[in-house]
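The block underneath contains the structure these notes are about, expressed in structure tokens.
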Amino acid sequence: MTALALDIGGTKLAAARVESDGTLAGEQQVATPDVGVWAAAESLLAAVAAGRRVERVGIASAGPVDALAGAVGPLNIAEWRHGFPLVDAVRSLFPNADITLAIDGACCTLAEYRFGAGRGIDNQIGMIVSTGVGGGIVLEGRILGGRTGNAGHIGHVVVPGAEDVPCACGGFGCLEAVASGPSAVRWANARGWVGSTGMELARAAKSGDHVAAAALSRSGTAIGAAIASTAAVLDLDLAVVGGGFGQAGAQLWGPMRDAARRHAGLSFSRGLRVVPATLGARATLIGAGVLTCGD
């Protein structure tokens, strides 16, 4: 049996073959184009399959997704924002394959639960803090899908003190509008910091730039509050935080952990732990690979 994993993100597209033990092989990736996203994904899948008979495909996609319809509408892929029938498109390449679609945050969480920082912890939230903020939930040892496949999309929880900040989703005050890398950069730019990426912001904060440090603190505080709130609702004891901007360092992580600790006041949530993800940028693709095993 040949199984494939596909990761659809706003920055990159990645695909790989899934080995019988769940590991990935032949991984390839390309930058996500502004137009022709499906053509790029199609070429990537064909290259990874290399003429093999494909029987299973696991797809992780930026959200929102509609798992029932097999469609995706990523906020960070303009060409697909109003919906793209991704499962049907993949099926046109591999007509006899079983195809499973999940939101990227759920796939990342599933990977960390199986192989990474969340291994063995049956009640946890996983988060991706990058150009957007996504997440997934493991509850009693099972990944949650929800009604449409978007369960765990913590980036659109409203955070305190940000109710007037517009979000790309159309709402206001969302965690993503405050805590993502681009959001933190915009906040710092409005206060005189000159730079364009989250990693530049992190380096500036580490070097003592007060505006950059304040931007990271603002993001971290919002993430910590959202984690504590979610943990209280779902009775969780672990949060695993990954993503490119999630690696911004102590100026982000100190306020994040402080806020989580400050807001987790109930007896059952006082032991809440917040830890960094360990699988890196491949976590989402690894989680898509797990989907091919029927999980």
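Residue names in the structure tokens use chain letters A, B, ... in the order shown, residue numbers from 1 in each chain, and ligand numbers from 1 in the order shown.
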Give me the residues near region 251-266 of chain A as number ranges by chain, where near means some atom within 12 Å (using only C-alpha atoms) and where sequence neighbours in that chain fewer than 6 positions away do not count. A: 129, 159-160, 179-181, 184, 198-199, 201-233, 235-242, 245, 272-276
Can you check which residues of region 19-112 of chain A DSSP gives as helix (DSSP H, G or I) on the backbone and send them as a PyMOL selection string? chain A and resi 37-49+78-80+86-93+104-112
Those residues you just picked out, can you put them in a file as a compact mmCIF listing (two decimals), in the first residue's frame with C-alpha atoms?
```
# COMPACT_ATOMS: atom_id res chain seq x y z
CA VAL A 37 -2.26 26.72 -5.55
CA TRP A 38 -3.92 23.52 -6.68
CA ALA A 39 -1.59 23.18 -9.68
CA ALA A 40 1.37 23.43 -7.30
CA ALA A 41 -0.13 20.86 -4.91
CA GLU A 42 -0.99 18.55 -7.80
CA SER A 43 2.59 18.63 -9.08
CA LEU A 44 3.91 17.98 -5.59
CA LEU A 45 1.66 14.97 -5.06
CA ALA A 46 2.54 13.52 -8.44
CA ALA A 47 6.25 13.88 -7.72
CA VAL A 48 5.97 12.20 -4.32
CA ALA A 49 3.76 9.37 -5.61
CA ALA A 78 -6.49 34.24 -0.83
CA GLU A 79 -7.21 32.14 -3.90
CA TRP A 80 -9.06 29.55 -1.78
CA LEU A 86 -9.69 19.87 -2.03
CA VAL A 87 -10.78 16.27 -1.43
CA ASP A 88 -12.40 16.06 -4.86
CA ALA A 89 -9.28 17.54 -6.43
CA VAL A 90 -7.05 14.97 -4.74
CA ARG A 91 -9.46 12.19 -5.70
CA SER A 92 -9.14 13.22 -9.35
CA LEU A 93 -5.48 12.23 -9.08
CA ASP A 104 -3.74 21.67 10.33
CA GLY A 105 -3.91 22.44 14.04
CA ALA A 106 -5.51 19.06 14.74
CA CYS A 107 -2.83 17.30 12.68
CA CYS A 108 -0.02 19.11 14.48
CA THR A 109 -1.59 18.26 17.84
CA LEU A 110 -2.03 14.63 16.84
CA ALA A 111 1.65 14.40 15.87
CA GLU A 112 2.86 15.92 19.13
```
What's the 7 Å shell around Gly149 (chain A), counting only C-alpha atoms, without same-chain residues fewer than 2 positions away, as a PyMOL selection string? chain A and resi 65-67+102-103+145-147+151
Which of region 110-271 of chain A counts as strand (DSSP E) under DSSP, as a ChimeraX atom specification please? /A:124-129,133-139,142-143,238-242
Generate a file of the selected residues that holds C-alpha atoms, formatted as a compact mmCIF listing (two decimals), in the first residue's frame.
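Here's the written file selection.txt:
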```txt
# COMPACT_ATOMS: atom_id res chain seq x y z
CA GLN A 124 -4.26 18.57 25.97
CA ILE A 125 -4.36 21.43 23.52
CA GLY A 126 -1.81 21.87 20.76
CA MET A 127 -1.20 25.27 19.19
CA ILE A 128 0.51 26.62 16.09
CA VAL A 129 1.58 30.25 16.52
CA VAL A 133 -2.86 30.88 15.21
CA GLY A 134 -4.36 27.42 15.02
CA GLY A 135 -4.87 24.52 17.34
CA GLY A 136 -6.26 21.10 18.08
CA ILE A 137 -7.63 19.27 21.10
CA VAL A 138 -6.93 15.79 22.43
CA LEU A 139 -9.61 14.81 24.92
CA ARG A 142 -8.86 11.16 21.03
CA ILE A 143 -8.41 14.10 18.69
CA LEU A 238 -1.20 20.41 29.05
CA ALA A 239 -0.68 22.95 26.26
CA VAL A 240 1.92 22.28 23.57
CA VAL A 241 2.85 25.42 21.63
CA GLY A 242 4.69 25.30 18.30
```
Would you kindly return, as a PyMOL selection string, each protein, DNA or RNA residue with an atom no farther than 9 Å from any atom of Pro64 (chain A), considering only C-alpha atoms and excluding same-chain residues fewer than 3 positions away? chain A and resi 61+72-75+81+103+148-150+153
Val165 (chain A) surroundings by only C-alpha atoms, 12 Å radius, close-in-sequence under 4 positions cut, as a short mmCIF file (atom, residue, chain, number, x, y, z; two decimals) with C-alpha atoms, in the first residue's frame:
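Result file out.cif:
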```cif
data_model
loop_
_atom_site.label_atom_id
_atom_site.label_comp_id
_atom_site.auth_asym_id
_atom_site.auth_seq_id
_atom_site.Cartn_x
_atom_site.Cartn_y
_atom_site.Cartn_z
CA VAL A 158 -11.68 36.46 21.89
CA VAL A 159 -8.97 37.69 24.27
CA PRO A 160 -9.37 40.34 26.99
CA GLY A 161 -8.65 43.95 26.08
CA CYS A 169 -12.06 36.19 9.91
CA GLY A 170 -14.44 39.16 10.06
CA GLY A 171 -14.67 39.25 13.83
CA PHE A 172 -12.92 41.40 16.43
CA GLY A 173 -10.57 40.66 19.28
CA CYS A 174 -9.46 37.22 18.12
CA LEU A 175 -6.28 35.73 19.53
CA GLU A 176 -4.87 35.51 15.99
CA ALA A 177 -5.39 39.26 15.51
CA VAL A 178 -3.25 39.91 18.59
CA ALA A 179 -0.75 37.08 18.91
CA SER A 183 -0.15 40.87 14.11
CA ARG A 186 1.90 45.43 12.86
CA TRP A 187 1.44 46.45 16.51
#
```
I'd like to know which of A:Ser20, A:Thr11, A:Asn189, A:Thr100 is closest to Ala60 (chain A), using only C-alpha atoms. A:Thr100
Identify, on the basis of only C-alpha atoms, every residue whose closest approach to Val54 (chain A) does not exceed 10 Å; exclude the query and any residue fewer than 2 positions from it along the same chain; express the result as number ranges by chain. A: 1-4, 17, 49-52, 56-57, 93-98
Neighbouring residues of Asn76 (chain A) were defined as those with any atom within 9 Å, considering only C-alpha atoms; residues of the same chain fewer than 6 positions away were excluded. Please report them as number ranges by chain. A: 9-11, 62-63, 131-132, 168
